[in-house]
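Colleague: Let me give you the structure first, and then I'll get to my questions.
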Amino acid sequence: MSTVADKSEAVSASTQFLSDIIGKPVYVKLHSGMLYTGTLESIDGFMNIALSSATEHYENKDNGLINTYNSDVFLRGTQVMYISEV
Amino acid sequence: MAEILPLEVIDKTINQPVWIILQSEREFTGTLVGFDDFVNVIIQDATEWTTSQTTGISEKVMEHHGRLLLSGNNINMLVPGGRRSGN
């Protein structure tokens with residue numbers, strides 16, 4: 001019984017995190033090592049992500065700017081390694 | 001003697017240091033703040049490392065401030081207590 005309660009609490013921890021960070025600046029890294037910084041427009045249960053004002057770097061921001069995107073960009077959930085608060 | 005379920009190991013690590021090793025040559029350390037049934041994990045103030053599998057030497061990639069949601073898809077191992085000293 002307690003494990004069920006623990007689980008549902010844990011699930012809300014990750015969904016809580018996702019709802020907390022909507023509209024905030026985030027880092028998203030893909031398995032390729034590409035790092036995207038931008039404003040989180042939305043995210044779904046597959047970790048598909050929409051970013052606005054995205055910039056693209058390799059591995060970290062100390063490595064040179066590769067691209068900036070003026071339109072919203074979509075990042076494929078299967079390729080997302082992590083999403084992090086800036 | 002009560003049996004310890006696999007996910008209980010993770011649950012007991014909440015609010016404690018954790019060391020997470022991915023399938024690739026990449027590791028994360030920080031404080032575990034939560035996880036879900038897919039073993040997606042949330043880490044507070046994570047440090048991201050790449051580790052050479054031939055030399056075992058770790059290099060810091062970046063430090064994250066705040067929370068980080070790490071996809072459970074490519075997690076190989078989760079070690080309660082954080083990175084082993086000597087690594």
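Identifiers in this document derive from the order of the structure tokens: chains are assigned A, B, ..., residues are numbered from 1 separately in each chain, and ligands are numbered from 1 in order of occurrence.
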Might you pull out every residue within 8 Å of range 48-64 of chain A, with only C-alpha atoms counted and same-chain residues fewer than 6 positions away left off, and present them as a PyMOL selection string?
Modeller: (chain A and resi 29+33-42+70-78+80) or (chain B and resi 61-62)
Colleague: Create the file for the chosen residues now, containing N, CA and C atoms and written as a PDB file, in the first residue's frame.
Modeller:
```
ATOM      1  N   LYS A  29      19.523  18.601 -23.740  1.00  0.00           N
ATOM      2  CA  LYS A  29      20.598  17.916 -24.461  1.00  0.00           C
ATOM      3  C   LYS A  29      20.073  16.644 -25.113  1.00  0.00           C
ATOM      4  N   GLY A  33      24.709  14.830 -28.198  1.00  0.00           N
ATOM      5  CA  GLY A  33      25.581  15.790 -27.532  1.00  0.00           C
ATOM      6  C   GLY A  33      25.231  17.235 -27.848  1.00  0.00           C
ATOM      7  N   MET A  34      24.282  17.438 -28.768  1.00  0.00           N
ATOM      8  CA  MET A  34      23.872  18.809 -29.081  1.00  0.00           C
ATOM      9  C   MET A  34      23.072  19.365 -27.903  1.00  0.00           C
ATOM     10  N   LEU A  35      23.419  20.613 -27.537  1.00  0.00           N
ATOM     11  CA  LEU A  35      22.786  21.280 -26.401  1.00  0.00           C
ATOM     12  C   LEU A  35      21.958  22.454 -26.918  1.00  0.00           C
ATOM     13  N   TYR A  36      20.690  22.475 -26.549  1.00  0.00           N
ATOM     14  CA  TYR A  36      19.796  23.550 -26.977  1.00  0.00           C
ATOM     15  C   TYR A  36      19.369  24.367 -25.765  1.00  0.00           C
ATOM     16  N   THR A  37      19.471  25.680 -25.889  1.00  0.00           N
ATOM     17  CA  THR A  37      18.993  26.575 -24.848  1.00  0.00           C
ATOM     18  C   THR A  37      17.853  27.390 -25.431  1.00  0.00           C
ATOM     19  N   GLY A  38      16.794  27.546 -24.674  1.00  0.00           N
ATOM     20  CA  GLY A  38      15.676  28.339 -25.164  1.00  0.00           C
ATOM     21  C   GLY A  38      14.582  28.380 -24.125  1.00  0.00           C
ATOM     22  N   THR A  39      13.452  28.964 -24.533  1.00  0.00           N
ATOM     23  CA  THR A  39      12.304  29.015 -23.625  1.00  0.00           C
ATOM     24  C   THR A  39      11.425  27.807 -23.891  1.00  0.00           C
ATOM     25  N   LEU A  40      11.079  27.088 -22.824  1.00  0.00           N
ATOM     26  CA  LEU A  40      10.265  25.876 -22.969  1.00  0.00           C
ATOM     27  C   LEU A  40       8.816  26.262 -23.245  1.00  0.00           C
ATOM     28  N   GLU A  41       8.366  25.993 -24.474  1.00  0.00           N
ATOM     29  CA  GLU A  41       6.972  26.288 -24.826  1.00  0.00           C
ATOM     30  C   GLU A  41       6.063  25.155 -24.358  1.00  0.00           C
ATOM     31  N   SER A  42       6.481  23.923 -24.608  1.00  0.00           N
ATOM     32  CA  SER A  42       5.681  22.784 -24.149  1.00  0.00           C
ATOM     33  C   SER A  42       6.493  21.504 -24.187  1.00  0.00           C
ATOM     34  N   ASN A  70      15.056  31.425 -34.923  1.00  0.00           N
ATOM     35  CA  ASN A  70      14.074  32.462 -34.592  1.00  0.00           C
ATOM     36  C   ASN A  70      12.663  31.885 -34.453  1.00  0.00           C
ATOM     37  N   SER A  71      12.381  30.827 -35.222  1.00  0.00           N
ATOM     38  CA  SER A  71      11.071  30.186 -35.095  1.00  0.00           C
ATOM     39  C   SER A  71      11.118  29.156 -33.966  1.00  0.00           C
ATOM     40  N   ASP A  72       9.954  28.679 -33.566  1.00  0.00           N
ATOM     41  CA  ASP A  72       9.912  27.584 -32.593  1.00  0.00           C
ATOM     42  C   ASP A  72      10.570  26.352 -33.211  1.00  0.00           C
ATOM     43  N   VAL A  73      11.240  25.564 -32.374  1.00  0.00           N
ATOM     44  CA  VAL A  73      11.786  24.297 -32.863  1.00  0.00           C
ATOM     45  C   VAL A  73      11.192  23.147 -32.056  1.00  0.00           C
ATOM     46  N   PHE A  74      11.101  21.999 -32.744  1.00  0.00           N
ATOM     47  CA  PHE A  74      10.604  20.770 -32.132  1.00  0.00           C
ATOM     48  C   PHE A  74      11.782  19.838 -31.900  1.00  0.00           C
ATOM     49  N   LEU A  75      11.880  19.286 -30.696  1.00  0.00           N
ATOM     50  CA  LEU A  75      12.923  18.304 -30.411  1.00  0.00           C
ATOM     51  C   LEU A  75      12.261  16.958 -30.144  1.00  0.00           C
ATOM     52  N   ARG A  76      12.709  15.924 -30.837  1.00  0.00           N
ATOM     53  CA  ARG A  76      12.121  14.589 -30.777  1.00  0.00           C
ATOM     54  C   ARG A  76      12.405  13.948 -29.414  1.00  0.00           C
ATOM     55  N   GLY A  77      11.341  13.526 -28.758  1.00  0.00           N
ATOM     56  CA  GLY A  77      11.451  12.992 -27.405  1.00  0.00           C
ATOM     57  C   GLY A  77      12.401  11.819 -27.266  1.00  0.00           C
ATOM     58  N   THR A  78      12.427  10.943 -28.298  1.00  0.00           N
ATOM     59  CA  THR A  78      13.282   9.748 -28.208  1.00  0.00           C
ATOM     60  C   THR A  78      14.762  10.123 -28.166  1.00  0.00           C
ATOM     61  N   VAL A  80      15.979  12.902 -26.657  1.00  0.00           N
ATOM     62  CA  VAL A  80      16.279  13.802 -25.530  1.00  0.00           C
ATOM     63  C   VAL A  80      16.983  13.043 -24.417  1.00  0.00           C
TER      64      VAL A  80
ATOM     65  N   VAL B  61      31.629  18.028 -17.932  1.00  0.00           N
ATOM     66  CA  VAL B  61      31.051  18.651 -19.127  1.00  0.00           C
ATOM     67  C   VAL B  61      30.433  19.985 -18.757  1.00  0.00           C
ATOM     68  N   MET B  62      29.573  19.976 -17.750  1.00  0.00           N
ATOM     69  CA  MET B  62      28.997  21.221 -17.241  1.00  0.00           C
ATOM     70  C   MET B  62      28.331  20.977 -15.898  1.00  0.00           C
TER      71      MET B  62
END
```
Colleague: List as a Markdown table every residue of chain B that is in contact with chain A, defined as an atom at most 8 Å from one of its atoms (using only C-alpha atoms), together with the nearest atom pair and the distance in Å rounded to one decimal, sorted by chain and then rising number.
Modeller:
```
| residue | atom | partner | partner_atom | distance |
| --- | --- | --- | --- | --- |
| B:Gly34 | CA | A:Ala13 | CA | 5.8 |
| B:Phe35 | CA | A:Ala10 | CA | 5.5 |
| B:Asp36 | CA | A:Val11 | CA | 4.7 |
| B:Asp37 | CA | A:Val11 | CA | 7.1 |
| B:Asn40 | CA | A:Ser14 | CA | 7.9 |
| B:Val41 | CA | A:Ser14 | CA | 7.6 |
| B:Ile42 | CA | A:Ser14 | CA | 6.9 |
| B:Val61 | CA | A:Asn60 | CA | 6.7 |
| B:Met62 | CA | A:Asn60 | CA | 6.4 |
| B:His64 | CA | A:Ser84 | CA | 7.2 |
| B:His65 | CA | A:Val86 | CA | 6.7 |
| B:Gly66 | CA | A:Glu85 | CA | 5.6 |
| B:Arg67 | CA | A:Glu85 | CA | 5.7 |
| B:Leu68 | CA | A:Ser84 | CA | 4.0 |
| B:Leu69 | CA | A:Ile83 | CA | 5.3 |
| B:Leu70 | CA | A:Tyr82 | CA | 4.4 |
| B:Ser71 | CA | A:Met81 | CA | 5.4 |
| B:Asn74 | CA | A:Met81 | CA | 7.8 |
```
Colleague: Please save N, CA and C atoms of the selected residues as a PDB file, in the first residue's frame.
Modeller:
```
ATOM      1  N   GLY B  34      13.635  13.066  -7.265  1.00  0.00           N
ATOM      2  CA  GLY B  34      12.435  12.299  -7.603  1.00  0.00           C
ATOM      3  C   GLY B  34      12.673  11.391  -8.785  1.00  0.00           C
ATOM      4  N   PHE B  35      11.718  10.498  -9.015  1.00  0.00           N
ATOM      5  CA  PHE B  35      11.773   9.604 -10.175  1.00  0.00           C
ATOM      6  C   PHE B  35      10.366   9.110 -10.457  1.00  0.00           C
ATOM      7  N   ASP B  36      10.180   8.490 -11.626  1.00  0.00           N
ATOM      8  CA  ASP B  36       8.870   7.919 -11.943  1.00  0.00           C
ATOM      9  C   ASP B  36       9.022   6.446 -12.330  1.00  0.00           C
ATOM     10  N   ASP B  37       7.931   5.827 -12.787  1.00  0.00           N
ATOM     11  CA  ASP B  37       7.936   4.393 -13.084  1.00  0.00           C
ATOM     12  C   ASP B  37       8.851   4.026 -14.247  1.00  0.00           C
ATOM     13  N   ASN B  40      12.765   7.726 -15.180  1.00  0.00           N
ATOM     14  CA  ASN B  40      13.217   9.089 -15.434  1.00  0.00           C
ATOM     15  C   ASN B  40      13.536   9.657 -14.058  1.00  0.00           C
ATOM     16  N   VAL B  41      14.632  10.375 -13.924  1.00  0.00           N
ATOM     17  CA  VAL B  41      15.007  10.877 -12.603  1.00  0.00           C
ATOM     18  C   VAL B  41      15.172  12.397 -12.620  1.00  0.00           C
ATOM     19  N   ILE B  42      14.894  13.015 -11.502  1.00  0.00           N
ATOM     20  CA  ILE B  42      15.132  14.446 -11.335  1.00  0.00           C
ATOM     21  C   ILE B  42      16.290  14.610 -10.361  1.00  0.00           C
ATOM     22  N   VAL B  61      31.629  18.028 -17.932  1.00  0.00           N
ATOM     23  CA  VAL B  61      31.051  18.651 -19.127  1.00  0.00           C
ATOM     24  C   VAL B  61      30.433  19.985 -18.757  1.00  0.00           C
ATOM     25  N   MET B  62      29.573  19.976 -17.750  1.00  0.00           N
ATOM     26  CA  MET B  62      28.997  21.221 -17.241  1.00  0.00           C
ATOM     27  C   MET B  62      28.331  20.977 -15.898  1.00  0.00           C
ATOM     28  N   HIS B  64      25.030  21.973 -13.615  1.00  0.00           N
ATOM     29  CA  HIS B  64      23.662  22.448 -13.742  1.00  0.00           C
ATOM     30  C   HIS B  64      23.198  22.997 -12.397  1.00  0.00           C
ATOM     31  N   HIS B  65      22.550  24.147 -12.453  1.00  0.00           N
ATOM     32  CA  HIS B  65      22.005  24.719 -11.219  1.00  0.00           C
ATOM     33  C   HIS B  65      20.497  24.596 -11.292  1.00  0.00           C
ATOM     34  N   GLY B  66      19.888  24.116 -10.234  1.00  0.00           N
ATOM     35  CA  GLY B  66      18.460  23.823 -10.272  1.00  0.00           C
ATOM     36  C   GLY B  66      18.246  22.364 -10.602  1.00  0.00           C
ATOM     37  N   ARG B  67      17.048  22.055 -11.085  1.00  0.00           N
ATOM     38  CA  ARG B  67      16.692  20.652 -11.307  1.00  0.00           C
ATOM     39  C   ARG B  67      16.936  20.218 -12.748  1.00  0.00           C
ATOM     40  N   LEU B  68      17.221  18.948 -12.905  1.00  0.00           N
ATOM     41  CA  LEU B  68      17.453  18.358 -14.225  1.00  0.00           C
ATOM     42  C   LEU B  68      16.646  17.067 -14.320  1.00  0.00           C
ATOM     43  N   LEU B  69      15.847  16.956 -15.383  1.00  0.00           N
ATOM     44  CA  LEU B  69      15.077  15.731 -15.626  1.00  0.00           C
ATOM     45  C   LEU B  69      15.850  14.879 -16.622  1.00  0.00           C
ATOM     46  N   LEU B  70      16.376  13.765 -16.148  1.00  0.00           N
ATOM     47  CA  LEU B  70      17.194  12.878 -16.978  1.00  0.00           C
ATOM     48  C   LEU B  70      16.320  11.724 -17.472  1.00  0.00           C
ATOM     49  N   SER B  71      16.289  11.530 -18.788  1.00  0.00           N
ATOM     50  CA  SER B  71      15.491  10.454 -19.362  1.00  0.00           C
ATOM     51  C   SER B  71      15.977   9.096 -18.858  1.00  0.00           C
ATOM     52  N   ASN B  74      18.221   5.724 -21.163  1.00  0.00           N
ATOM     53  CA  ASN B  74      19.615   5.319 -21.349  1.00  0.00           C
ATOM     54  C   ASN B  74      20.384   5.189 -20.036  1.00  0.00           C
TER      55      ASN B  74
END
```
Colleague: Could you list, as a list in words, every residue within 6 Å of Thr51 in chain B, counting only C-alpha atoms and ignoring same-chain residues fewer than 2 positions away?
Modeller: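 Skipping anything fewer than 2 positions along the chain leaves Glu25, Arg26, Gly56, Ile57 and Ser58 of chain B.
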Colleague: Hey, can you check how far CA of Asp11 in chain B sits from CA of Val39 in chain B?
Modeller: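 We find that CA of Asp11 in chain B and CA of Val39 in chain B lie 10.6 Å from each other.
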Colleague: Quick check, in Å to one decimal: how far apart do CA of Ile75 in chain B and CA of Gln23 in chain B lie?
Modeller: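 Separating CA of Ile75 in chain B from CA of Gln23 in chain B is a distance of 6.2 Å.
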Colleague: Can you pull out every residue within 7 Å of Thr31 in chain B, counting only C-alpha atoms, but drop anything in the same chain fewer than 5 positions away, and send it as a list in words?
Modeller: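 Within the cut-off, the hits are Asn15, Gln16, Pro17, Val18, Ile43, Gln44 and Asp45 of chain B.
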Colleague: List every residue of chain A that DSSP, applied to the backbone of this structure, assigns to helix (DSSP H, G or I), and report them as a count of residues only.
Modeller: 23
Colleague: Grab the CA of Leu30 in chain A to CA of Ile66 in chain A distance for me, in Å with one decimal place.
Modeller: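 Distance between the two atoms: 14.8 Å.
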Colleague: Where does DSSP see strand (DSSP E) in chain A, if you list the residues as a ChimeraX atom specification?
Modeller: /A:25-30,34-43,49-58,67-69,73-75,80-85
Colleague: Report as an NGL selection string all protein, DNA and RNA residues lying within 6 Å of Thr47 in chain B, evaluated on only C-alpha atoms, omitting residues in the same chain fewer than 5 positions from it.
Modeller: :B and (28-29 or 63)
Colleague: Nearest residue to Met77 in chain B out of B:Val9, B:Ala46, B:Val33, B:Ile21, using only C-alpha atoms?
Modeller: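 Looking at the shortest contact to Met77 in chain B, the residue is B:Ile21.
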